[in-house]
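Raw upload.cif, mmCIF, C-alpha atoms and all ligand atoms:
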data_input
loop_
_atom_site.label_atom_id
_atom_site.label_comp_id
_atom_site.auth_asym_id
_atom_site.auth_seq_id
_atom_site.Cartn_x
_atom_site.Cartn_y
_atom_site.Cartn_z
CA MET A 24 28.18 -48.83 57.57
CA ALA A 25 27.24 -47.75 54.07
CA THR A 26 24.10 -49.09 52.43
CA LEU A 27 23.57 -50.30 48.90
CA VAL A 28 20.49 -51.10 46.83
CA MET A 29 20.78 -53.93 44.30
CA LYS A 30 17.87 -54.56 41.92
CA PHE A 31 17.49 -57.75 39.86
CA GLY A 32 15.07 -57.88 36.92
CA GLY A 33 12.97 -60.76 35.62
CA THR A 34 15.59 -62.57 33.55
CA SER A 35 18.04 -62.37 36.44
CA VAL A 36 15.65 -64.29 38.75
CA ALA A 37 14.04 -66.48 36.07
CA THR A 38 15.05 -69.80 37.66
CA LEU A 39 16.32 -71.05 41.03
CA ASP A 40 19.79 -71.34 39.51
CA ARG A 41 19.71 -67.69 38.52
CA ILE A 42 18.43 -66.77 41.99
CA ARG A 43 21.44 -68.60 43.42
CA ASN A 44 23.64 -66.54 41.10
CA VAL A 45 21.94 -63.37 42.36
CA ALA A 46 22.69 -64.47 45.92
CA ARG A 47 26.39 -64.65 45.03
CA HIS A 48 26.30 -61.03 43.83
CA VAL A 49 24.61 -60.07 47.11
CA LYS A 50 27.16 -62.02 49.14
CA ARG A 51 30.00 -60.13 47.45
CA GLU A 52 28.60 -56.80 48.63
CA VAL A 53 27.79 -58.10 52.12
CA ASP A 54 31.38 -59.37 52.37
CA ALA A 55 32.57 -55.95 51.24
CA GLY A 56 30.87 -54.53 54.34
CA TYR A 57 27.63 -53.07 52.98
CA HIS A 58 24.14 -53.20 54.43
CA VAL A 59 22.21 -54.42 51.39
CA ALA A 60 18.62 -53.90 50.31
CA VAL A 61 17.86 -56.16 47.33
CA VAL A 62 14.85 -55.41 45.15
CA VAL A 63 13.57 -58.25 42.99
CA SER A 64 11.21 -58.51 40.02
CA ALA A 65 9.00 -61.48 39.28
CA MET A 66 10.50 -64.34 37.27
CA SER A 67 10.54 -63.31 33.60
CA GLY A 68 7.24 -63.95 31.87
CA LYS A 69 5.41 -64.26 35.20
CA THR A 70 3.86 -60.79 35.24
CA ASN A 71 2.66 -61.21 31.64
CA GLU A 72 1.04 -64.47 32.62
CA LEU A 73 -0.68 -62.89 35.64
CA VAL A 74 -1.90 -59.94 33.54
CA GLY A 75 -3.24 -62.44 30.99
CA TRP A 76 -5.16 -64.30 33.68
CA CYS A 77 -6.85 -61.08 34.82
CA LYS A 78 -7.88 -60.30 31.24
CA ASP A 79 -9.18 -63.84 30.74
CA ALA A 80 -11.12 -63.68 34.01
CA SER A 81 -12.87 -60.55 32.75
CA ALA A 82 -11.94 -58.10 30.01
CA LEU A 83 -13.11 -55.27 32.24
CA HIS A 84 -11.72 -55.95 35.70
CA ASP A 85 -11.38 -54.14 39.02
CA MET A 86 -7.85 -52.74 39.03
CA ARG A 87 -7.54 -53.25 42.80
CA GLU A 88 -7.89 -56.98 42.19
CA TYR A 89 -5.58 -56.79 39.17
CA ASP A 90 -2.98 -55.41 41.59
CA ALA A 91 -3.65 -58.19 44.08
CA VAL A 92 -2.96 -60.71 41.33
CA VAL A 93 0.00 -59.18 39.47
CA ALA A 94 1.97 -58.23 42.60
CA SER A 95 2.23 -61.89 43.55
CA GLY A 96 5.16 -62.66 41.22
CA GLU A 97 7.50 -60.46 43.25
CA GLN A 98 6.30 -61.97 46.52
CA VAL A 99 7.51 -65.37 45.30
CA THR A 100 10.99 -64.24 44.22
CA SER A 101 11.59 -62.17 47.37
CA GLY A 102 10.86 -65.19 49.56
CA LEU A 103 12.95 -67.51 47.40
CA LEU A 104 15.98 -65.23 47.42
CA ALA A 105 15.72 -64.86 51.21
CA ILE A 106 15.67 -68.66 51.56
CA VAL A 107 18.69 -69.06 49.26
CA LEU A 108 20.65 -66.37 51.11
CA GLN A 109 19.84 -67.94 54.48
CA ASN A 110 21.00 -71.27 53.09
CA MET A 111 24.34 -69.62 52.29
CA GLY A 112 24.63 -68.45 55.88
CA ILE A 113 23.63 -64.85 55.20
CA ALA A 114 20.94 -63.38 57.47
CA ALA A 115 18.12 -62.24 55.19
CA ARG A 116 14.44 -61.36 55.44
CA SER A 117 11.84 -60.71 52.73
CA TRP A 118 9.75 -57.54 52.73
CA GLN A 119 6.55 -56.74 50.86
CA GLY A 120 5.82 -53.14 49.88
CA TRP A 121 3.37 -52.59 52.76
CA GLN A 122 5.85 -53.83 55.34
CA ILE A 123 8.36 -51.07 54.63
CA PRO A 124 6.02 -49.20 53.87
CA ILE A 125 6.26 -47.94 50.29
CA ARG A 126 3.28 -45.57 50.10
CA THR A 127 1.53 -44.97 46.79
CA ASP A 128 -1.46 -43.12 45.43
CA ASP A 129 -4.55 -45.07 44.38
CA ALA A 130 -3.94 -45.18 40.61
CA HIS A 131 -4.13 -48.97 40.71
CA GLY A 132 -2.16 -50.63 37.91
CA SER A 133 0.21 -47.67 37.54
CA ALA A 134 0.40 -46.12 40.99
CA ARG A 135 2.93 -43.46 41.88
CA ILE A 136 5.10 -43.66 44.95
CA VAL A 137 4.21 -40.81 47.33
CA GLY A 138 6.70 -41.71 50.04
CA VAL A 139 9.00 -44.41 51.37
CA ASP A 140 9.70 -44.75 55.07
CA GLY A 141 13.23 -46.07 55.41
CA THR A 142 13.16 -46.24 59.24
CA ALA A 143 12.20 -49.90 59.66
CA LEU A 144 14.72 -51.02 57.03
CA THR A 145 17.53 -49.01 58.58
CA ASP A 146 16.58 -50.27 62.01
CA HIS A 147 16.81 -53.87 60.80
CA PHE A 148 20.20 -53.22 59.24
CA VAL A 149 21.55 -51.82 62.47
CA ARG A 150 19.96 -54.24 64.94
CA LEU A 151 20.01 -57.49 63.00
CA ASN A 152 22.53 -56.96 60.23
CA GLU A 153 20.10 -58.66 57.81
CA VAL A 154 19.91 -58.36 54.06
CA ALA A 155 16.47 -56.95 53.19
CA VAL A 156 14.96 -58.70 50.15
CA ILE A 157 12.21 -56.43 48.89
CA ALA A 158 9.42 -57.32 46.49
CA GLY A 159 9.63 -54.70 43.72
CA PHE A 160 6.76 -53.21 41.74
CA GLN A 161 4.40 -52.84 44.71
CA GLY A 162 3.38 -50.53 47.51
CA ILE A 163 0.37 -49.72 49.61
CA HIS A 164 -2.31 -47.06 49.30
CA GLU A 165 -2.57 -46.40 53.01
CA PRO A 166 -5.97 -44.64 53.20
CA THR A 167 -7.64 -47.80 51.83
CA GLY A 168 -5.02 -50.27 53.01
CA ARG A 169 -4.90 -51.77 49.51
CA LEU A 170 -1.88 -53.04 47.66
CA ALA A 171 -0.99 -51.09 44.50
CA THR A 172 1.45 -51.82 41.66
CA LEU A 173 3.70 -49.26 40.01
CA GLY A 174 3.18 -49.95 36.30
CA ARG A 175 5.17 -52.29 34.08
CA GLY A 176 8.88 -52.16 34.76
CA GLY A 177 8.09 -50.65 38.18
CA SER A 178 10.70 -52.57 40.16
CA ASP A 179 13.32 -50.11 38.87
CA THR A 180 11.32 -47.37 40.56
CA SER A 181 10.98 -49.36 43.78
CA ALA A 182 14.76 -49.70 43.85
CA VAL A 183 15.60 -46.03 43.29
CA ALA A 184 12.91 -44.86 45.73
CA ILE A 185 14.33 -47.14 48.43
CA ALA A 186 17.86 -46.00 47.66
CA ALA A 187 16.75 -42.40 48.17
CA ALA A 188 14.87 -43.25 51.38
CA ILE A 189 17.77 -45.06 53.06
CA ASN A 190 20.37 -42.72 51.63
CA ALA A 191 22.16 -45.53 49.83
CA GLU A 192 25.63 -44.96 48.47
CA ARG A 193 24.35 -46.11 45.10
CA CYS A 194 21.61 -48.08 43.36
CA ASP A 195 22.73 -50.94 41.11
CA ILE A 196 20.15 -52.10 38.55
CA TYR A 197 21.18 -55.58 37.41
CA THR A 198 19.64 -56.73 34.14
CA ASP A 199 20.30 -58.89 31.08
CA VAL A 200 22.53 -56.33 29.35
CA ASP A 201 25.77 -54.93 30.75
CA GLY A 202 24.68 -51.30 30.64
CA VAL A 203 22.81 -48.64 28.73
CA TYR A 204 23.58 -48.78 25.03
CA THR A 205 23.43 -46.16 22.29
CA THR A 206 20.27 -47.99 21.19
CA ASP A 207 18.54 -51.28 21.93
CA PRO A 208 21.36 -53.83 21.39
CA ARG A 209 18.75 -56.42 20.44
CA ILE A 210 17.97 -54.63 17.21
CA VAL A 211 21.27 -52.95 16.45
CA PRO A 212 24.26 -55.25 16.91
CA LYS A 213 26.56 -52.27 16.38
CA ALA A 214 25.17 -50.47 19.44
CA GLN A 215 27.82 -49.45 21.97
CA ARG A 216 27.71 -49.46 25.72
CA LEU A 217 27.85 -46.01 27.28
CA GLU A 218 30.13 -45.36 30.26
CA LYS A 219 27.89 -42.60 31.54
CA VAL A 220 24.54 -41.10 30.61
CA ALA A 221 23.17 -37.81 31.93
CA PHE A 222 19.95 -38.03 33.95
CA GLU A 223 18.14 -35.80 31.43
CA GLU A 224 19.20 -37.99 28.51
CA MET A 225 18.25 -41.20 30.27
CA LEU A 226 14.89 -39.68 31.11
CA GLU A 227 14.27 -38.91 27.44
CA MET A 228 15.58 -42.28 26.30
CA ALA A 229 13.30 -44.11 28.73
CA SER A 230 10.32 -41.89 27.87
CA MET A 231 10.94 -42.44 24.16
CA GLY A 232 10.86 -46.23 24.51
CA ALA A 233 14.23 -47.53 25.82
CA LYS A 234 12.73 -49.91 28.32
CA VAL A 235 15.97 -50.63 30.11
CA LEU A 236 14.78 -48.35 32.96
CA GLN A 237 11.25 -47.33 33.92
CA VAL A 238 10.81 -43.57 33.34
CA ARG A 239 9.79 -42.88 36.93
CA SER A 240 12.93 -44.52 38.27
CA VAL A 241 15.02 -42.05 36.28
CA GLU A 242 12.91 -39.13 37.51
CA LEU A 243 13.50 -40.19 41.10
CA ALA A 244 17.21 -40.78 40.55
CA MET A 245 17.48 -37.29 39.04
CA VAL A 246 15.50 -35.52 41.76
CA HIS A 247 17.25 -37.28 44.63
CA ARG A 248 20.63 -37.44 42.87
CA VAL A 249 20.96 -41.19 43.43
CA PRO A 250 24.05 -42.50 41.60
CA THR A 251 22.44 -45.31 39.60
CA TYR A 252 24.27 -47.99 37.64
CA VAL A 253 22.82 -50.33 35.01
CA ARG A 254 24.87 -53.53 34.95
CA SER A 255 24.70 -57.21 34.11
CA SER A 256 23.64 -59.97 36.49
CA PHE A 257 25.32 -62.42 34.09
CA ASP A 258 28.80 -61.16 34.96
CA ASP A 259 30.85 -63.45 37.13
CA PRO A 260 29.80 -62.43 40.67
CA ASP A 261 33.46 -62.46 41.66
CA SER A 262 34.63 -60.04 38.96
CA PRO A 263 31.72 -57.82 37.97
CA GLN A 264 31.89 -54.90 35.54
CA PRO A 265 30.67 -51.48 36.64
CA GLY A 266 28.10 -51.03 33.87
CA THR A 267 26.71 -47.61 32.94
CA LEU A 268 26.44 -44.76 35.43
CA ILE A 269 23.43 -42.46 35.21
CA CYS A 270 24.70 -39.17 36.58
CA GLY A 271 24.64 -35.38 36.34
CA GLU A 272 25.57 -33.81 32.99
CA GLU A 273 28.44 -32.03 34.73
CA ASP A 274 30.06 -35.40 35.48
CA ILE A 275 30.40 -36.28 31.80
CA LEU A 276 33.50 -34.87 30.19
CA GLU A 277 33.20 -35.88 26.56
CA GLN A 278 29.70 -35.21 25.38
CA GLN A 279 28.49 -36.42 21.97
CA ILE A 280 25.84 -34.44 20.11
CA ILE A 281 23.58 -37.47 20.02
CA THR A 282 23.87 -40.03 22.81
CA GLY A 283 21.22 -42.54 21.84
CA ILE A 284 18.40 -43.61 19.55
CA ALA A 285 15.15 -44.99 21.00
CA TYR A 286 11.98 -46.30 19.42
CA SER A 287 8.47 -46.92 20.63
CA LYS A 288 5.82 -49.02 18.93
CA ASP A 289 3.38 -47.95 21.58
CA GLU A 290 2.00 -45.18 19.34
CA ALA A 291 -1.17 -44.85 17.32
CA GLN A 292 -1.92 -42.10 14.84
CA ILE A 293 -5.25 -40.34 14.47
CA THR A 294 -6.02 -37.89 11.67
CA LEU A 295 -9.12 -35.73 11.57
CA ARG A 296 -9.76 -34.50 8.02
CA ARG A 297 -11.27 -31.13 7.24
CA VAL A 298 -11.81 -29.78 10.70
CA ALA A 299 -13.17 -26.19 10.77
CA ASP A 300 -10.23 -23.78 10.90
CA LYS A 301 -11.48 -21.49 13.65
CA PRO A 302 -10.57 -20.59 17.24
CA GLY A 303 -11.44 -23.18 19.88
CA VAL A 304 -11.32 -26.25 17.65
CA ALA A 305 -8.06 -27.60 19.08
CA ALA A 306 -9.47 -27.22 22.58
CA ALA A 307 -12.68 -28.98 21.54
CA ILE A 308 -10.60 -31.96 20.38
CA PHE A 309 -7.91 -32.19 23.02
CA VAL A 310 -9.73 -31.23 26.23
CA PRO A 311 -12.07 -34.26 26.14
CA LEU A 312 -9.05 -36.52 25.49
CA ALA A 313 -7.19 -34.98 28.42
CA ASP A 314 -10.27 -35.35 30.62
CA ALA A 315 -10.24 -39.05 29.76
CA ASN A 316 -6.56 -39.23 30.83
CA ILE A 317 -5.38 -39.90 27.28
CA ASN A 318 -1.89 -38.60 26.68
CA VAL A 319 -1.63 -36.88 23.31
CA ASP A 320 1.95 -36.73 22.08
CA MET A 321 2.77 -35.49 18.57
CA ILE A 322 0.39 -32.95 17.03
CA ILE A 323 0.42 -31.59 13.47
CA GLN A 324 -2.08 -29.13 12.09
CA VAL A 325 -2.18 -28.45 8.37
CA VAL A 326 -3.84 -25.36 6.99
CA SER A 327 -5.81 -26.24 3.88
CA ASP A 328 -5.71 -24.11 0.74
CA ASP A 329 -9.14 -22.63 1.24
CA THR A 330 -8.29 -21.80 4.90
CA THR A 331 -11.77 -22.75 6.09
CA ALA A 332 -10.82 -26.30 7.01
CA THR A 333 -7.71 -28.00 8.28
CA ASP A 334 -6.35 -31.52 8.90
CA ILE A 335 -5.16 -32.40 12.40
CA THR A 336 -2.92 -35.41 13.05
CA PHE A 337 -1.81 -36.55 16.49
CA THR A 338 -0.64 -39.66 18.34
CA VAL A 339 -1.94 -41.43 21.43
CA PRO A 340 -0.67 -44.55 23.23
CA THR A 341 -1.80 -47.70 21.40
CA ALA A 342 -3.68 -48.86 24.49
CA ASP A 343 -5.86 -45.72 24.33
CA PHE A 344 -6.48 -45.78 20.57
CA ASP A 345 -9.99 -47.28 20.67
CA ARG A 346 -11.04 -45.09 23.58
CA ALA A 347 -9.76 -41.97 21.82
CA LYS A 348 -11.66 -42.87 18.63
CA THR A 349 -14.88 -43.42 20.58
CA ILE A 350 -14.53 -40.05 22.31
CA LEU A 351 -13.86 -38.25 19.01
CA GLU A 352 -16.78 -39.96 17.30
CA GLY A 353 -18.95 -38.87 20.23
CA ILE A 354 -18.08 -35.19 19.69
CA HIS A 355 -18.22 -35.36 15.89
CA ASP A 356 -21.13 -32.92 15.61
CA GLN A 357 -19.40 -30.40 17.83
CA ILE A 358 -16.11 -30.46 15.89
CA GLY A 359 -17.55 -31.23 12.49
CA TYR A 360 -14.68 -33.14 10.84
CA ALA A 361 -15.18 -34.86 7.47
CA SER A 362 -13.51 -38.16 8.43
CA LEU A 363 -11.44 -39.83 11.12
CA GLN A 364 -8.50 -41.99 10.05
CA GLY A 365 -6.38 -44.07 12.36
CA ALA A 366 -3.24 -46.22 12.15
CA THR A 367 -1.58 -48.44 14.71
CA ASP A 368 1.20 -49.77 12.46
CA VAL A 369 3.41 -46.79 13.23
CA VAL A 370 6.55 -46.31 15.32
CA LYS A 371 8.14 -43.27 16.89
CA VAL A 372 11.90 -43.14 16.47
CA SER A 373 13.78 -40.58 18.57
CA ALA A 374 17.33 -39.27 18.78
CA ILE A 375 18.46 -37.92 22.14
CA GLY A 376 21.46 -35.89 23.22
CA VAL A 377 22.19 -32.85 25.39
CA GLY A 378 24.55 -31.72 22.62
CA MET A 379 21.49 -30.75 20.56
CA ARG A 380 21.14 -27.69 22.76
CA SER A 381 24.23 -26.12 21.23
CA HIS A 382 24.18 -27.49 17.67
CA ALA A 383 21.90 -26.46 14.83
CA GLY A 384 20.68 -28.66 11.99
CA VAL A 385 20.97 -31.94 13.89
CA ALA A 386 17.43 -33.07 13.09
CA ALA A 387 17.49 -31.82 9.49
CA LYS A 388 20.33 -34.24 8.74
CA ALA A 389 18.13 -37.10 9.90
CA PHE A 390 15.19 -36.13 7.69
CA LYS A 391 17.46 -36.24 4.68
CA ALA A 392 18.99 -39.60 5.65
CA LEU A 393 15.56 -41.15 6.18
CA ALA A 394 14.30 -39.76 2.86
CA ASP A 395 17.32 -41.27 1.10
CA LYS A 396 16.21 -44.66 2.43
CA GLY A 397 12.69 -44.07 1.12
CA ILE A 398 11.20 -43.71 4.60
CA ASN A 399 8.22 -41.40 4.75
CA ILE A 400 7.87 -39.21 7.85
CA ARG A 401 4.29 -38.90 9.09
CA ALA A 402 4.93 -36.50 11.98
CA ILE A 403 7.84 -34.77 13.72
CA THR A 404 8.33 -33.33 17.18
CA THR A 405 11.36 -31.71 18.69
CA SER A 406 12.40 -30.52 22.11
CA GLU A 407 15.58 -29.12 23.57
CA ILE A 408 17.49 -32.38 23.71
CA LYS A 409 15.61 -34.72 21.36
CA PHE A 410 13.63 -35.04 18.17
CA SER A 411 11.19 -37.74 17.15
CA VAL A 412 9.75 -38.91 13.84
CA LEU A 413 6.67 -41.01 13.33
CA ILE A 414 7.07 -43.56 10.52
CA ASP A 415 5.62 -46.86 9.30
CA GLN A 416 6.41 -49.66 11.72
CA ALA A 417 7.81 -51.85 8.95
CA TYR A 418 10.80 -49.47 8.75
CA THR A 419 11.67 -49.53 12.48
CA GLU A 420 14.98 -51.33 12.23
CA LEU A 421 16.08 -49.56 9.07
CA ALA A 422 15.33 -46.14 10.59
CA VAL A 423 17.01 -46.88 13.92
CA ARG A 424 20.10 -48.27 12.17
CA THR A 425 20.21 -45.36 9.73
CA LEU A 426 20.16 -42.75 12.52
CA HIS A 427 22.57 -44.77 14.63
CA SER A 428 25.15 -44.71 11.81
CA LEU A 429 24.38 -41.13 10.82
CA TYR A 430 25.32 -39.79 14.25
CA GLY A 431 28.50 -41.86 14.46
CA LEU A 432 27.24 -44.23 17.14
CA ASP A 433 28.14 -47.53 15.39
CA LYS A 434 30.72 -49.69 17.07
CA PRO A 435 33.91 -49.59 14.98
P1 LIG B 1 14.68 -56.37 33.45
O1 LIG B 1 13.80 -57.56 33.35
O2 LIG B 1 16.03 -56.67 34.02
O3 LIG B 1 14.03 -55.20 34.12
P2 LIG B 1 14.15 -55.20 30.84
O4 LIG B 1 13.77 -56.20 29.82
O5 LIG B 1 13.08 -54.41 31.48
O6 LIG B 1 15.02 -55.96 31.95
O7 LIG B 1 15.23 -54.17 30.25
C1 LIG B 1 16.41 -54.66 29.63
C2 LIG B 1 16.25 -54.66 28.12
O8 LIG B 1 16.11 -53.32 27.66
C3 LIG B 1 17.43 -55.17 27.35
O9 LIG B 1 17.41 -56.58 27.22
C4 LIG B 1 17.34 -54.45 26.01
O10 LIG B 1 16.79 -55.26 24.99
C5 LIG B 1 16.35 -53.33 26.27
N1 LIG B 1 16.86 -52.01 25.84
C6 LIG B 1 16.18 -51.11 25.08
N2 LIG B 1 16.91 -50.03 24.83
C7 LIG B 1 18.10 -50.22 25.46
C8 LIG B 1 19.29 -49.44 25.58
N3 LIG B 1 19.41 -48.23 25.01
N4 LIG B 1 20.33 -49.95 26.29
C9 LIG B 1 20.23 -51.16 26.88
N5 LIG B 1 19.12 -51.94 26.80
C10 LIG B 1 18.07 -51.49 26.11
N1 LIG B 2 7.43 -57.67 37.15
C1 LIG B 2 6.99 -56.35 36.75
C2 LIG B 2 6.89 -56.27 35.24
O1 LIG B 2 7.17 -57.24 34.55
C3 LIG B 2 7.86 -55.27 37.30
C4 LIG B 2 9.30 -55.29 36.85
O2 LIG B 2 9.80 -56.31 36.37
O3 LIG B 2 9.96 -54.26 36.98
O4 LIG B 2 6.50 -55.26 34.73
MG MG B 3 12.64 -53.76 33.43
#
Reformat the file's structure so that it appears as structure tokens.
Ligand code: ADP
Ligand code: ASP
Ligand code: MG
Amino acid sequence: MATLVMKFGGTSVATLDRIRNVARHVKREVDAGYHVAVVVSAMSGKTNELVGWCKDASALHDMREYDAVVASGEQVTSGLLAIVLQNMGIAARSWQGWQIPIRTDDAHGSARIVGVDGTALTDHFVRLNEVAVIAGFQGIHEPTGRLATLGRGGSDTSAVAIAAAINAERCDIYTDVDGVYTTDPRIVPKAQRLEKVAFEEMLEMASMGAKVLQVRSVELAMVHRVPTYVRSSFDDPDSPQPGTLICGEEDILEQQIITGIAYSKDEAQITLRRVADKPGVAAAIFVPLADANINVDMIIQVVSDDTTATDITFTVPTADFDRAKTILEGIHDQIGYASLQGATDVVKVSAIGVGMRSHAGVAAKAFKALADKGINIRAITTSEIKFSVLIDQAYTELAVRTLHSLYGLDKP
């Protein structure tokens, strides 16, 4: 019998009524003859509440205990869905991450999956013909025996990792939108649903801020070639739509130059004015940040007229802004900059598409369009299939809409 993984996000399990609706989707697939592993998130808002409690308990807290607290939301929904399924006459059993086991490293709060053993799950399918209802977002660091969570949005990654481990026919990610759109449909009403998105594009879209899938889930889907669909849990369980397929580039016949626009407000800008323009300065700045596990993203270095000093601008995740500033202030004497300026009211807007590989001037068009709207660009980065601009946060919607129209993505 073929196996299927179905994942339901927070809004899809927000109330008991919605959990009952989820059970009807599961029943449909069981009736169609599949062995089903369901992965559930916590009820929407629950994880935020749990994170808030940890912060209130102590601003600086032990991340192993943070994990013990925040993983509890998924434990609740997995048990509830199992009860509802049983009540419908469907054999079902809940599973926590450690019971499978889903093995992780010990980066508590944003652990990586290092392996999933699908044997026990498969065995249960074959012997008991039970639906497995799995708590997403969590695993176990086996050397210490401690529970670990996979970072926000991590249930997507649980689902794809399980699909790979049990060799599922496909992984269906049910959410509150009916697929992946050309941009966040909540801010651009003219966004269009995509039939298919290439793994590489989805990876860039997720990395650049489209939170519809966690980045690591897309990495896993790409590496293990798991056919993954994003679809709506609000469809009628008896006549569901297929949603968007994340698949190999070769499976997409008509490729646009730009597939999607993403934005991320999780960026902070730091500018160091009048840094000495000599060898080793960039290393002196960026090595200590890397040692502190701070991810530097966009970097611009300007050569000043007198060529003895230069300005360096770069971005870090907002959460690391204060830490980065403290580190740079600590090495001030070593680097010798004149001043440090920072801004958190910035946003990174990105355009993504594999078609950029074979077309020139794609980004240049955007710079002109943004300038015409009076939007100042603070920094730019490009890679093979995307470019990003850093702008003032106040212009987020205008910039996203401008690029969305520019590349012909608006719904007719
Ligand atoms: P879940 O709780 O089901 O995991 P999320 O809130 O994590 O759901 O992700 C779904 C949300 O992602 C949508 O409601 C939508 O606002 C947002 N989103 C951002 N970019 C996109 C995009 N390109 N396509 C679809 N949804 C997107
Ligand atoms: N509940 C977790 C979160 O809100 C994991 C998830 O929903 O994917 O981040
Ligand atoms: Mg999510």
Surrounding residues as a list of chain:residue names, ligand MG 3 (chain B), max 6 Å, all atoms listed in the file =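 Sorted by chain and then by number, the residues are A:Gly32, A:Gly176, A:Val235, A:Leu236.
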message = From the options A:Ala60, A:Ile210, A:Ala130, A:Ala82, which residue's atoms come nearest to A:Leu144, counting all atoms listed in the file?
response =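 Of the candidates, the smallest distance to A:Leu144 is held by A:Ala60.
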Cut-off 6 Å: closest chain A/ligand LIG 2 (chain B) atom pairs per residue, using all atoms listed in the file, as a tab-separated table:
residue	atom	partner	partner_atom	distance
A:Gly32	CA	B:LIG2	O2	5.5
A:Gly33	CA	B:LIG2	O2	5.5
A:Ser64	CA	B:LIG2	O2	4.5
A:Ala65	CA	B:LIG2	N1	4.6
A:Thr70	CA	B:LIG2	O1	4.9
A:Phe160	CA	B:LIG2	C3	5.0
A:Arg175	CA	B:LIG2	O4	3.3
A:Gly176	CA	B:LIG2	O3	3.2
A:Gly177	CA	B:LIG2	O3	4.2
A:Ser178	CA	B:LIG2	O3	3.7
A:Asp179	CA	B:LIG2	O3	5.7
message = Set the distance at 12 Å and use all atoms listed in the file: which residues neighbour A:Arg248 once local chain neighbours fewer than 6 positions away are removed? I'd like the list as a VMD selection string.
response = chain A and resid 183 to 184 186 to 188 190 to 194 221 to 223 240 to 242 268 to 272
inquiry  = Which residues are near A:Gln357? Cut-off 10 Å, all atoms listed in the file, ignore same chain within fewer than 4 positions. Put them as a VMD selection string.
reply    = chain A and resid 304 307 to 308 351 to 353
Please complete stretch 32-47 of chain A so it has N, CA and C atoms, and hand it over as a CSV table (one decimal), keeping the file's coordinate frame.
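Result saved to part.csv:
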chain,number,residue,atom,x,y,z
A,32,GLY,N,16.3,-57.8,37.8
A,32,GLY,CA,15.1,-57.9,36.9
A,32,GLY,C,14.7,-59.3,36.6
A,33,GLY,N,13.6,-59.5,35.9
A,33,GLY,CA,13.0,-60.8,35.6
A,33,GLY,C,13.9,-61.9,35.1
A,34,THR,N,14.7,-61.5,34.1
A,34,THR,CA,15.6,-62.6,33.6
A,34,THR,C,16.6,-63.0,34.6
A,35,SER,N,17.0,-62.1,35.4
A,35,SER,CA,18.0,-62.4,36.4
A,35,SER,C,17.5,-63.3,37.6
A,36,VAL,N,16.2,-63.4,37.7
A,36,VAL,CA,15.6,-64.3,38.8
A,36,VAL,C,14.7,-65.3,38.1
A,37,ALA,N,15.0,-65.6,36.8
A,37,ALA,CA,14.0,-66.5,36.1
A,37,ALA,C,14.0,-67.9,36.6
A,38,THR,N,15.0,-68.4,37.2
A,38,THR,CA,15.0,-69.8,37.7
A,38,THR,C,15.7,-69.8,39.0
A,39,LEU,N,15.6,-71.0,39.7
A,39,LEU,CA,16.3,-71.0,41.0
A,39,LEU,C,17.8,-70.9,40.9
A,40,ASP,N,18.3,-71.5,39.7
A,40,ASP,CA,19.8,-71.3,39.5
A,40,ASP,C,20.2,-69.9,39.4
A,41,ARG,N,19.4,-69.1,38.7
A,41,ARG,CA,19.7,-67.7,38.5
A,41,ARG,C,19.6,-67.0,39.9
A,42,ILE,N,18.6,-67.4,40.7
A,42,ILE,CA,18.4,-66.8,42.0
A,42,ILE,C,19.7,-67.1,42.8
A,43,ARG,N,20.2,-68.3,42.7
A,43,ARG,CA,21.4,-68.6,43.4
A,43,ARG,C,22.6,-67.7,42.9
A,44,ASN,N,22.6,-67.4,41.6
A,44,ASN,CA,23.6,-66.5,41.1
A,44,ASN,C,23.5,-65.1,41.7
A,45,VAL,N,22.2,-64.7,41.8
A,45,VAL,CA,21.9,-63.4,42.4
A,45,VAL,C,22.5,-63.3,43.8
A,46,ALA,N,22.2,-64.4,44.5
A,46,ALA,CA,22.7,-64.5,45.9
A,46,ALA,C,24.2,-64.3,46.0
A,47,ARG,N,24.9,-64.8,45.0
A,47,ARG,CA,26.4,-64.6,45.0
A,47,ARG,C,26.8,-63.2,44.8
